[in-house]
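Raw structure34.txt, compact mmCIF, C-alpha atoms:
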```txt
# COMPACT_ATOMS: atom_id res chain seq x y z
CA MET A 1109 -18.87 -31.22 15.52
CA ALA A 1110 -15.75 -30.30 17.48
CA ASP A 1111 -13.51 -27.74 15.84
CA GLU A 1112 -10.22 -29.07 14.51
CA VAL A 1113 -7.51 -26.43 14.39
CA VAL A 1114 -3.98 -27.17 13.20
CA LEU A 1115 -1.13 -24.66 12.89
CA LEU A 1116 1.87 -25.36 10.68
CA ASP A 1117 4.62 -23.06 11.86
CA PHE A 1118 8.33 -22.49 12.48
CA TRP A 1119 9.28 -21.39 15.99
CA PRO A 1120 11.45 -18.31 15.15
CA SER A 1121 8.95 -16.90 12.63
CA MET A 1122 7.52 -13.56 13.72
CA PHE A 1123 4.65 -14.21 11.33
CA GLY A 1124 3.86 -17.53 12.96
CA MET A 1125 4.04 -15.89 16.38
CA ARG A 1126 1.25 -13.51 15.36
CA VAL A 1127 -1.08 -16.47 14.79
CA ARG A 1128 -0.02 -18.20 18.03
CA ILE A 1129 -0.81 -15.03 20.00
CA ALA A 1130 -4.19 -14.62 18.25
CA LEU A 1131 -5.12 -18.23 19.04
CA ALA A 1132 -4.05 -17.76 22.67
CA GLU A 1133 -6.01 -14.51 23.00
CA LYS A 1134 -9.14 -16.30 21.81
CA GLY A 1135 -8.52 -19.37 23.98
CA ILE A 1136 -8.58 -21.70 20.97
CA LYS A 1137 -7.22 -25.23 21.37
CA TYR A 1138 -5.06 -26.30 18.47
CA GLN A 1139 -2.45 -28.76 17.32
CA TYR A 1140 0.96 -27.21 16.64
CA LYS A 1141 3.13 -28.76 13.94
CA GLU A 1142 6.73 -27.59 13.66
CA GLU A 1143 7.93 -27.40 10.04
CA ASP A 1144 11.51 -27.94 8.92
CA LEU A 1145 11.69 -25.28 6.21
CA ARG A 1146 14.49 -27.10 4.42
CA HIS A 1147 12.34 -30.25 4.24
CA LYS A 1148 8.77 -29.05 3.98
CA SER A 1149 6.05 -31.54 4.83
CA GLU A 1150 3.63 -33.03 2.29
CA LEU A 1151 0.83 -31.39 4.24
CA LEU A 1152 2.32 -27.90 3.90
CA LEU A 1153 3.01 -28.33 0.19
CA LYS A 1154 -0.49 -29.66 -0.41
CA MET A 1155 -2.30 -27.03 1.68
CA ASN A 1156 -0.26 -24.01 0.53
CA PRO A 1157 0.84 -24.87 -3.01
CA VAL A 1158 1.13 -21.22 -4.06
CA HIS A 1159 3.59 -19.98 -1.42
CA LYS A 1160 4.65 -23.21 0.34
CA GLN A 1161 5.11 -21.08 3.48
CA ILE A 1162 4.25 -20.99 7.12
CA PRO A 1163 2.26 -19.99 9.04
CA LEU A 1164 -0.60 -22.06 7.74
CA LEU A 1165 -3.81 -22.53 9.70
CA ILE A 1166 -5.96 -25.53 8.89
CA HIS A 1167 -9.49 -25.20 10.29
CA ASN A 1168 -11.64 -28.31 9.90
CA GLY A 1169 -9.50 -29.35 6.96
CA LYS A 1170 -9.56 -25.99 5.17
CA PRO A 1171 -6.30 -24.03 4.85
CA VAL A 1172 -5.86 -20.31 5.50
CA CYS A 1173 -2.52 -18.66 4.54
CA GLU A 1174 -0.73 -15.36 5.22
CA SER A 1175 -0.43 -14.39 8.89
CA LEU A 1176 -2.52 -11.20 8.84
CA ILE A 1177 -5.23 -12.89 6.80
CA ILE A 1178 -5.21 -15.78 9.29
CA VAL A 1179 -5.50 -13.32 12.20
CA GLN A 1180 -8.50 -11.61 10.59
CA TYR A 1181 -10.07 -15.00 9.92
CA ILE A 1182 -9.58 -16.03 13.55
CA ASP A 1183 -11.11 -12.72 14.67
CA GLU A 1184 -14.17 -13.20 12.46
CA VAL A 1185 -14.81 -16.86 13.29
CA TRP A 1186 -14.14 -16.70 17.03
CA ASN A 1187 -15.82 -13.39 17.61
CA HIS A 1188 -17.04 -14.17 21.14
CA LYS A 1189 -14.11 -12.60 22.98
CA SER A 1190 -10.91 -10.52 22.72
CA PRO A 1191 -11.57 -8.61 19.49
CA LEU A 1192 -8.31 -8.24 17.56
CA LEU A 1193 -9.58 -5.52 15.23
CA PRO A 1194 -11.61 -2.43 16.15
CA SER A 1195 -15.28 -2.36 15.17
CA ASP A 1196 -15.30 1.08 13.56
CA PRO A 1197 -14.50 0.95 9.80
CA TYR A 1198 -12.17 3.95 9.90
CA GLN A 1199 -10.21 2.52 12.84
CA ARG A 1200 -10.07 -0.81 11.01
CA ALA A 1201 -8.69 0.89 7.89
CA HIS A 1202 -6.11 2.69 10.05
CA ALA A 1203 -5.13 -0.64 11.66
CA ARG A 1204 -4.87 -2.43 8.32
CA PHE A 1205 -2.71 0.36 6.91
CA TRP A 1206 -0.17 0.15 9.74
CA ALA A 1207 -0.15 -3.64 9.85
CA ASP A 1208 0.53 -3.56 6.11
CA PHE A 1209 3.34 -1.04 6.75
CA VAL A 1210 4.91 -3.44 9.25
CA ASP A 1211 4.63 -6.28 6.75
CA ARG A 1212 6.18 -4.33 3.88
CA LYS A 1213 8.96 -2.58 5.73
CA VAL A 1214 9.94 -4.16 9.03
CA TYR A 1215 10.81 -7.76 8.11
CA GLY A 1216 12.90 -6.96 5.04
CA VAL A 1217 15.08 -4.33 6.65
CA GLY A 1218 15.67 -6.47 9.76
CA ARG A 1219 16.83 -9.34 7.61
CA LYS A 1220 19.22 -7.13 5.66
CA LEU A 1221 20.66 -5.92 8.94
CA TRP A 1222 21.85 -9.36 10.06
CA ALA A 1223 22.41 -10.98 6.67
CA THR A 1224 24.70 -8.39 5.08
CA LYS A 1225 28.08 -6.79 5.71
CA GLY A 1226 29.96 -3.57 5.07
CA GLU A 1227 28.28 -0.86 3.00
CA GLU A 1228 25.12 -2.91 2.44
CA GLN A 1229 24.74 -3.36 6.19
CA GLU A 1230 25.34 0.35 6.83
CA ALA A 1231 22.59 1.21 4.36
CA ALA A 1232 20.29 -1.34 6.01
CA LYS A 1233 20.98 0.17 9.43
CA LYS A 1234 20.09 3.64 8.16
CA GLU A 1235 16.86 2.33 6.64
CA PHE A 1236 16.06 0.35 9.80
CA LEU A 1237 16.40 3.42 12.01
CA GLU A 1238 14.17 5.46 9.68
CA ILE A 1239 11.43 2.83 9.58
CA TYR A 1240 11.42 2.36 13.34
CA LYS A 1241 11.43 6.13 13.79
CA THR A 1242 8.19 6.25 11.76
CA LEU A 1243 6.68 3.58 14.00
CA GLU A 1244 7.92 5.33 17.16
CA SER A 1245 6.24 8.49 15.93
CA GLU A 1246 2.99 6.68 15.09
CA LEU A 1247 2.92 5.15 18.58
CA GLY A 1248 3.57 8.51 20.21
CA GLU A 1249 2.26 8.77 23.76
CA LYS A 1250 -0.40 6.08 23.29
CA PRO A 1251 -0.17 2.95 25.46
CA TYR A 1252 -0.72 0.81 22.35
CA PHE A 1253 -0.73 1.40 18.59
CA GLY A 1254 -4.42 0.59 18.81
CA GLY A 1255 -4.98 3.31 21.42
CA GLU A 1256 -6.11 2.26 24.90
CA THR A 1257 -6.10 -1.44 24.15
CA PHE A 1258 -3.88 -3.98 22.41
CA GLY A 1259 -4.97 -4.46 18.80
CA PHE A 1260 -4.16 -5.54 15.26
CA VAL A 1261 -1.16 -3.26 14.69
CA ASP A 1262 0.30 -4.18 18.09
CA LEU A 1263 -0.11 -7.84 17.20
CA SER A 1264 1.55 -7.41 13.81
CA PHE A 1265 4.61 -5.66 15.27
CA VAL A 1266 5.16 -7.03 18.79
CA THR A 1267 6.44 -10.37 17.50
CA PHE A 1268 9.55 -8.64 16.18
CA TYR A 1269 10.52 -8.04 19.82
CA SER A 1270 12.02 -11.51 20.00
CA TRP A 1271 14.39 -10.40 17.22
CA PHE A 1272 15.45 -7.08 18.85
CA TYR A 1273 18.63 -8.57 20.35
CA VAL A 1274 19.65 -9.79 16.87
CA TYR A 1275 19.06 -6.31 15.41
CA GLU A 1276 20.92 -4.57 18.24
CA ASN A 1277 23.84 -6.93 17.99
CA PHE A 1278 24.36 -6.77 14.25
CA GLY A 1279 23.32 -3.13 13.93
CA LYS A 1280 25.41 -2.07 16.91
CA PHE A 1281 22.82 0.17 18.53
CA SER A 1282 20.47 0.07 21.50
CA MET A 1283 16.74 -0.20 20.81
CA GLU A 1284 15.99 1.44 24.17
CA ALA A 1285 18.26 4.41 23.43
CA GLU A 1286 16.93 4.90 19.90
CA PHE A 1287 13.26 4.03 20.44
CA PRO A 1288 12.23 4.47 24.07
CA GLN A 1289 8.48 4.56 23.31
CA ILE A 1290 8.64 1.30 21.36
CA VAL A 1291 10.62 -0.42 24.13
CA ALA A 1292 8.17 0.82 26.78
CA TRP A 1293 5.29 -0.40 24.63
CA VAL A 1294 6.89 -3.83 24.21
CA LYS A 1295 7.33 -4.20 27.98
CA ARG A 1296 3.66 -3.30 28.39
CA CYS A 1297 2.67 -5.95 25.82
CA MET A 1298 4.84 -8.58 27.51
CA GLN A 1299 2.59 -8.30 30.56
CA LYS A 1300 -0.06 -10.10 28.56
CA GLU A 1301 0.14 -13.84 29.10
CA SER A 1302 -0.63 -14.66 25.46
CA ILE A 1303 2.43 -12.69 24.36
CA ALA A 1304 4.85 -13.58 27.16
CA ASN A 1305 4.07 -17.28 26.66
CA THR A 1306 4.43 -17.11 22.89
CA LEU A 1307 7.54 -15.05 22.16
CA PRO A 1308 10.75 -17.10 22.17
CA ASP A 1309 13.72 -15.90 24.19
CA GLN A 1310 15.81 -13.28 22.36
CA LYS A 1311 19.04 -15.20 22.98
CA LYS A 1312 17.55 -18.33 21.39
CA ILE A 1313 16.67 -16.32 18.29
CA TYR A 1314 20.20 -14.91 18.24
CA GLU A 1315 21.69 -18.42 18.38
CA PHE A 1316 19.34 -19.47 15.59
CA VAL A 1317 20.55 -16.57 13.42
CA LEU A 1318 24.21 -17.47 14.07
CA LYS A 1319 23.46 -21.00 12.91
CA LEU A 1320 21.59 -19.68 9.87
CA LYS A 1321 24.50 -17.44 8.88
CA LYS A 1322 26.84 -20.43 9.05
CA ILE A 1323 24.55 -22.61 6.93
CA PHE A 1324 24.13 -19.95 4.26
CA GLY A 1325 27.73 -18.80 4.38
CA LEU A 1326 26.79 -15.31 5.49
CA GLU A 1327 29.51 -14.84 8.07
CA MET B 141 -24.08 16.58 8.16
CA ALA B 142 -23.90 15.90 4.42
CA GLU B 143 -21.51 13.15 3.49
CA GLU B 144 -18.34 14.19 1.70
CA VAL B 145 -16.35 11.65 -0.30
CA VAL B 146 -13.27 12.74 -2.24
CA LEU B 147 -10.97 10.54 -4.30
CA PHE B 148 -7.43 11.63 -5.24
CA GLY B 149 -6.25 9.61 -8.22
CA THR B 150 -4.71 9.62 -11.66
CA TRP B 151 -6.45 8.75 -14.92
CA GLY B 152 -4.07 5.97 -15.90
CA SER B 153 -3.58 4.23 -12.56
CA PRO B 154 -5.29 0.86 -12.08
CA PHE B 155 -5.06 1.36 -8.31
CA SER B 156 -6.97 4.62 -8.55
CA ARG B 157 -9.55 3.10 -10.94
CA ARG B 158 -10.17 0.22 -8.50
CA VAL B 159 -11.46 2.67 -5.93
CA GLU B 160 -13.65 4.42 -8.51
CA LEU B 161 -15.14 1.05 -9.49
CA ALA B 162 -15.87 0.13 -5.89
CA LEU B 163 -17.55 3.49 -5.22
CA LYS B 164 -19.67 3.21 -8.38
CA LEU B 165 -20.72 -0.38 -7.62
CA LYS B 166 -21.86 0.82 -4.19
CA GLY B 167 -23.63 3.83 -5.70
CA VAL B 168 -21.58 6.28 -3.64
CA GLU B 169 -21.39 9.88 -4.89
CA TYR B 170 -17.89 11.28 -4.80
CA LYS B 171 -15.73 14.15 -5.99
CA TYR B 172 -12.69 13.20 -8.06
CA ILE B 173 -9.41 15.11 -7.99
CA GLU B 174 -6.82 14.35 -10.66
CA GLU B 175 -3.29 14.46 -9.25
CA ASP B 176 -0.18 15.40 -11.18
CA LEU B 177 2.35 12.94 -9.76
CA THR B 178 5.26 15.07 -10.97
CA ASN B 179 3.90 17.91 -8.86
CA LYS B 180 1.99 16.42 -5.93
CA SER B 181 -0.58 18.66 -4.32
CA PRO B 182 -0.14 19.83 -0.70
CA LEU B 183 -3.45 18.09 0.08
CA LEU B 184 -2.16 14.72 -1.15
CA LEU B 185 1.02 15.07 0.89
CA LYS B 186 -1.05 16.02 3.93
CA TYR B 187 -3.42 13.06 3.56
CA ASN B 188 -0.74 10.47 2.74
CA PRO B 189 2.47 11.63 4.39
CA ILE B 190 3.94 8.14 4.72
CA HIS B 191 3.72 6.91 1.14
CA LYS B 192 2.77 10.13 -0.72
CA LYS B 193 0.84 8.07 -3.28
CA ILE B 194 -2.56 7.88 -4.89
CA PRO B 195 -5.24 6.65 -4.52
CA VAL B 196 -6.37 8.42 -1.37
CA LEU B 197 -10.01 8.35 -0.30
CA VAL B 198 -11.08 11.14 2.02
CA HIS B 199 -14.39 10.49 3.78
CA ASN B 200 -15.73 13.41 5.80
CA GLY B 201 -12.21 14.76 6.10
CA LYS B 202 -10.58 11.49 7.16
CA PRO B 203 -8.07 9.89 4.76
CA ILE B 204 -7.76 6.22 3.90
CA VAL B 205 -4.84 5.01 1.75
CA GLU B 206 -3.67 1.82 -0.01
CA SER B 207 -6.19 0.54 -2.54
CA GLN B 208 -6.93 -2.77 -0.81
CA VAL B 209 -7.43 -1.06 2.54
CA ILE B 210 -9.72 1.48 0.83
CA LEU B 211 -11.78 -1.28 -0.81
CA GLU B 212 -12.39 -3.01 2.53
CA TYR B 213 -13.30 0.35 4.09
CA ILE B 214 -15.80 1.05 1.30
CA ASP B 215 -17.33 -2.41 1.75
CA GLU B 216 -17.70 -1.94 5.51
CA THR B 217 -19.00 1.63 5.35
CA TRP B 218 -21.59 1.46 2.59
CA GLN B 219 -24.16 -1.33 2.44
CA GLY B 220 -25.77 -2.64 -0.73
CA TYR B 221 -23.50 -4.28 -3.28
CA PRO B 222 -21.14 -6.63 -1.38
CA LEU B 223 -17.49 -6.52 -2.46
CA LEU B 224 -16.43 -9.35 -0.15
CA PRO B 225 -18.33 -12.56 0.65
CA LYS B 226 -20.08 -12.90 4.04
CA ASP B 227 -18.50 -16.22 5.01
CA PRO B 228 -15.19 -15.77 6.93
CA TYR B 229 -13.44 -18.56 5.01
CA GLU B 230 -14.50 -17.17 1.63
CA ARG B 231 -13.31 -13.75 2.81
CA ALA B 232 -9.91 -15.17 3.75
CA ILE B 233 -9.63 -16.74 0.30
CA ALA B 234 -10.55 -13.44 -1.40
CA ARG B 235 -7.99 -11.55 0.69
CA PHE B 236 -5.36 -14.18 -0.16
CA TRP B 237 -5.82 -13.77 -3.92
CA ALA B 238 -5.98 -9.98 -3.71
CA LYS B 239 -2.67 -9.97 -1.84
CA PHE B 240 -1.17 -12.54 -4.22
CA ILE B 241 -1.98 -10.40 -7.24
CA ASP B 242 -0.59 -7.17 -5.80
CA ASP B 243 2.36 -8.43 -3.79
CA LYS B 244 3.58 -11.35 -5.87
CA CYS B 245 2.27 -11.10 -9.45
CA LEU B 246 2.56 -7.45 -10.30
CA PRO B 247 6.27 -6.99 -9.48
CA VAL B 248 7.14 -10.08 -11.52
CA ILE B 249 4.91 -9.05 -14.44
CA PHE B 250 6.56 -5.63 -14.48
CA LYS B 251 9.97 -7.24 -14.50
CA ALA B 252 8.94 -9.45 -17.43
CA LEU B 253 7.64 -6.49 -19.38
CA TRP B 254 10.19 -3.78 -18.62
CA GLY B 255 13.01 -5.37 -16.69
CA ASP B 256 16.61 -6.17 -17.48
CA GLU B 257 17.29 -7.84 -20.82
CA LYS B 258 19.45 -10.43 -19.05
CA GLU B 259 16.70 -11.52 -16.65
CA HIS B 260 13.92 -11.25 -19.22
CA GLU B 261 13.40 -14.93 -20.05
CA LYS B 262 13.43 -15.99 -16.40
CA ALA B 263 10.97 -13.21 -15.49
CA VAL B 264 8.59 -14.23 -18.29
CA GLU B 265 8.66 -17.84 -17.07
CA GLU B 266 8.03 -16.80 -13.48
CA ALA B 267 5.22 -14.43 -14.51
CA SER B 268 3.56 -17.24 -16.48
CA GLU B 269 3.70 -19.57 -13.49
CA LEU B 270 2.10 -16.97 -11.24
CA LEU B 271 -0.62 -16.13 -13.78
CA MET B 272 -1.34 -19.86 -14.05
CA PHE B 273 -2.25 -19.95 -10.34
CA ILE B 274 -4.80 -17.22 -10.99
CA GLU B 275 -6.09 -18.97 -14.12
CA GLU B 276 -6.67 -22.12 -12.04
CA GLU B 277 -8.37 -20.20 -9.24
CA LEU B 278 -10.97 -18.88 -11.69
CA LYS B 279 -12.20 -22.49 -12.32
CA GLU B 280 -15.62 -22.38 -14.04
CA LYS B 281 -16.70 -19.16 -12.37
CA ARG B 282 -17.87 -16.18 -14.34
CA PHE B 283 -15.99 -13.84 -12.01
CA PHE B 284 -13.61 -14.44 -9.10
CA GLY B 285 -16.48 -13.19 -6.97
CA GLY B 286 -18.85 -15.81 -8.45
CA GLU B 287 -21.82 -14.54 -10.41
CA SER B 288 -20.93 -10.91 -9.85
CA ILE B 289 -17.81 -8.77 -9.66
CA GLY B 290 -16.15 -8.87 -6.24
CA MET B 291 -13.04 -7.53 -4.59
CA VAL B 292 -10.64 -9.95 -6.30
CA ASP B 293 -12.05 -9.02 -9.72
CA ILE B 294 -11.59 -5.34 -8.89
CA ILE B 295 -7.99 -5.93 -7.73
CA ALA B 296 -7.39 -7.99 -10.88
CA ASN B 297 -8.44 -5.00 -13.03
CA ILE B 298 -4.79 -4.70 -13.95
CA ILE B 299 -4.85 -8.15 -15.51
CA ALA B 300 -8.19 -7.57 -17.25
CA PHE B 301 -7.32 -4.31 -18.95
CA TRP B 302 -3.87 -2.90 -18.26
CA GLN B 303 -2.06 -6.19 -18.94
CA GLY B 304 -3.03 -6.21 -22.61
CA ILE B 305 -1.98 -2.60 -22.98
CA PHE B 306 1.29 -3.20 -21.11
CA GLU B 307 2.07 -6.02 -23.51
CA GLU B 308 1.29 -3.92 -26.56
CA ALA B 309 3.37 -1.02 -25.29
CA SER B 310 6.34 -3.15 -24.28
CA GLY B 311 6.26 -5.69 -27.10
CA VAL B 312 6.24 -8.63 -24.69
CA GLU B 313 3.64 -11.43 -24.98
CA LEU B 314 2.47 -12.98 -21.70
CA LEU B 315 -1.30 -13.37 -21.40
CA THR B 316 -2.21 -15.41 -24.49
CA LYS B 317 -5.55 -17.11 -25.23
CA GLU B 318 -3.77 -20.43 -25.76
CA LYS B 319 -2.17 -20.49 -22.34
CA PHE B 320 -4.80 -18.62 -20.33
CA PRO B 321 -8.25 -19.18 -21.90
CA LYS B 322 -10.15 -18.65 -18.64
CA LEU B 323 -8.38 -15.41 -17.80
CA ILE B 324 -8.91 -14.07 -21.32
CA ASN B 325 -12.61 -14.94 -21.13
CA TRP B 326 -12.93 -13.38 -17.71
CA SER B 327 -11.13 -10.23 -18.94
CA HIS B 328 -13.71 -9.78 -21.69
CA GLU B 329 -16.59 -10.24 -19.24
CA PHE B 330 -15.02 -7.80 -16.84
CA VAL B 331 -14.26 -4.97 -19.26
CA SER B 332 -17.68 -5.39 -20.94
CA ASN B 333 -19.46 -4.66 -17.69
CA SER B 334 -21.22 -1.28 -17.92
CA VAL B 335 -19.92 0.01 -14.58
CA VAL B 336 -16.37 -1.19 -15.23
CA LYS B 337 -16.41 0.57 -18.61
CA GLU B 338 -16.80 3.91 -16.80
CA CYS B 339 -13.63 3.14 -14.82
CA LEU B 340 -11.18 2.39 -17.61
CA PRO B 341 -8.78 4.91 -19.12
CA PRO B 342 -8.73 5.56 -22.90
CA ARG B 343 -6.64 2.82 -24.50
CA ASP B 344 -4.59 4.81 -27.00
CA LYS B 345 -3.75 7.53 -24.52
CA LEU B 346 -2.50 4.88 -22.07
CA ILE B 347 -0.37 3.05 -24.65
CA ALA B 348 1.31 6.28 -25.72
CA HIS B 349 1.93 7.24 -22.11
CA LEU B 350 3.45 3.84 -21.22
CA ARG B 351 5.67 3.71 -24.28
CA LYS B 352 7.01 7.11 -23.36
CA ARG B 353 7.55 6.19 -19.70
CA PHE B 354 9.00 2.71 -19.91
CA GLY B 355 10.27 2.28 -23.45
CA SER B 356 9.70 -0.87 -25.46
CA HIS B 357 11.38 -4.26 -25.02
CA ASN B 358 11.64 -4.56 -28.78
CA ALA B 359 12.29 -0.94 -29.64
CA SER B 360 12.70 -1.73 -33.30
CA LYS B 361 9.17 -3.26 -33.57
```
As structure tokens:
Amino acid sequence: MADEVVLLDFWPSMFGMRVRIALAEKGIKYQYKEEDLRHKSELLLKMNPVHKQIPLLIHNGKPVCESLIIVQYIDEVWNHKSPLLPSDPYQRAHARFWADFVDRKVYGVGRKLWATKGEEQEAAKKEFLEIYKTLESELGEKPYFGGETFGFVDLSFVTFYSWFYVYENFGKFSMEAEFPQIVAWVKRCMQKESIANTLPDQKKIYEFVLKLKKIFGLE
Amino acid sequence: MAEEVVLFGTWGSPFSRRVELALKLKGVEYKYIEEDLTNKSPLLLKYNPIHKKIPVLVHNGKPIVESQVILEYIDETWQGYPLLPKDPYERAIARFWAKFIDDKCLPVIFKALWGDEKEHEKAVEEASELLMFIEEELKEKRFFGGESIGMVDIIANIIAFWQGIFEEASGVELLTKEKFPKLINWSHEFVSNSVVKECLPPRDKLIAHLRKRFGSHNASK
């Protein structure tokens, strides 16, 4: 039976991008369905009743939710090429820890940076710089977070690159000046076709955020 | 080289007890170190510099932190009793519920038990809705893991044991038999298990400790 793979997603979502990259790395053919998050489809609500969120992967009719869980699922099912996680249990634990760190810390602080003003925004900027400093330090001199090759932590974090222009603009700082290792790492990652072809243009994301701020009265 | 497994934890923490349960189910011998969280040891800070929290598992000198990450590590390192299913889809489902419990349920449950008076009613309603998802996921199974205790059951240890104690200490009623018969049943099965019993803190000691730390919602009760 031919595999049927469907991805419910939203183009600016860094979480959705993770899944798109994983699917591209594995060479998996799939149907992409763009969701309007203000008018969620019946399919999304039925397949992810608990969170009602994207990304949602539907494999032969069965739904898998949460981007990092989807990525691990993809890695385990399509294990013939491009491993996304290391094979050694300790390395895997290390990768899961840092991917979890990205999930817990990076999204929230980025959002606060562009969605708030004044003192709240100043506090967000301070927190943002601290979190990225931790990541910069973890990356160190390595070519990738995973070591010599692109891996799970790289995948979990690289998708935020498309949002860097938004962060720089609202935070009034330069990512390259503050985090040279991270910027060098991102440029290295962008040489991979799966990533370059997946990440939306930074300016498009910026325009999207401007629109979002208008809609939610966050100007 | 002889294997060395050390667990840094605290007696009352469900997160710490999860790791103990996993190690015992796998039959892994380990050394336990009780941490005083008001005076964290230099070793703890060295092994978990980012979060500075327990539990920390140190295997042959290498630290692993975050209870869910530790559980997966234990499952992958020691054979025998499986904590996660073999099938990738079943594994994804298990990971989903484990994450749901920790990331979504627990913060809301805490808010319902010890949060602001003003937001109390809303938090209780939200907590009930979230617990209902878990109740429905149990279906007719004996455990979340099926016939035997699995990773989701271990992660749900908070709901099986600590929840009842939280409610007694705070004076808030959430997990009732009327609303959540499956979860109550499952809780009894879980805490009656002989291995689980070794990984539960003394009830009275915990109640006293929680009352002291968080106060009671109905202080006059």
Please identify all residues of chain B having at least one atom at most 10 Å from any atom of chain A, considering all atoms listed in the file, and return them as number ranges by chain.
B: 190-191, 199, 202-206, 208-217, 227-236, 239-240, 243-244, 269-270, 273-274
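One distance worth recording is that between atom CA of B:Ser181 and atom CA of B:Arg353, which is 21.4 Å.
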Out of B:Phe283, B:Phe320, B:Phe306, B:Tyr170, which residue has the shortest atom-to-atom distance to B:Asn333 when counting only C-alpha atoms?
B:Phe283
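Proximity of A:Phe1278, A:Trp1293, A:Phe1287, A:Phe1272 to A:Phe1253, computed with all atoms listed in the file, is greatest for A:Trp1293.
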Spatial neighbours of A:Lys1312, max dist 12 Å, all atoms listed in the file, sep filter under 4 positions, as a JSON list (two decimals) with C-alpha atoms, in the frame of the given file:
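Heads up, here's the output in around.json:
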```
[["chain", "number", "residue", "atom", "x", "y", "z"],
["A", 1119, "TRP", "CA", 9.28, -21.39, 15.99],
["A", 1120, "PRO", "CA", 11.45, -18.31, 15.15],
["A", 1270, "SER", "CA", 12.02, -11.51, 20.00],
["A", 1271, "TRP", "CA", 14.39, -10.40, 17.22],
["A", 1272, "PHE", "CA", 15.45, -7.08, 18.85],
["A", 1273, "TYR", "CA", 18.63, -8.57, 20.35],
["A", 1274, "VAL", "CA", 19.65, -9.79, 16.87],
["A", 1307, "LEU", "CA", 7.54, -15.05, 22.16],
["A", 1308, "PRO", "CA", 10.75, -17.10, 22.17],
["A", 1316, "PHE", "CA", 19.34, -19.47, 15.59],
["A", 1317, "VAL", "CA", 20.55, -16.57, 13.42],
["A", 1318, "LEU", "CA", 24.21, -17.47, 14.07],
["A", 1319, "LYS", "CA", 23.46, -21.00, 12.91]]
```
Selection near A:Phe1258, 10 Å with only C-alpha atoms, sequence-local residues under 2 positions removed, as a CSV table (one decimal) with C-alpha atoms, in the coordinates of the input:
```
chain,number,residue,atom,x,y,z
A,1190,SER,CA,-10.9,-10.5,22.7
A,1191,PRO,CA,-11.6,-8.6,19.5
A,1192,LEU,CA,-8.3,-8.2,17.6
A,1193,LEU,CA,-9.6,-5.5,15.2
A,1251,PRO,CA,-0.2,3.0,25.5
A,1252,TYR,CA,-0.7,0.8,22.4
A,1253,PHE,CA,-0.7,1.4,18.6
A,1254,GLY,CA,-4.4,0.6,18.8
A,1255,GLY,CA,-5.0,3.3,21.4
A,1256,GLU,CA,-6.1,2.3,24.9
A,1260,PHE,CA,-4.2,-5.5,15.3
A,1261,VAL,CA,-1.2,-3.3,14.7
A,1262,ASP,CA,0.3,-4.2,18.1
A,1263,LEU,CA,-0.1,-7.8,17.2
A,1296,ARG,CA,3.7,-3.3,28.4
A,1297,CYS,CA,2.7,-6.0,25.8
A,1300,LYS,CA,-0.1,-10.1,28.6
```
Contacts of B:Ile249 at 8 Å (all atoms listed in the file; same-chain gap of 6+ positions) as an MDAnalysis selection string
chainID B and resid 263:264 267
Pick from B:Ala252, B:Ile324, B:Ala238, B:Val335: nearest to B:Gly304, with all atoms listed in the file counted?
B:Ile324
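Note that atom CA of B:Ile289 and atom CA of B:Leu315 are 20.8 Å apart.
Counting from atom CA of A:Gly1325, the distance to atom CA of A:Gly1124 is 25.4 Å.
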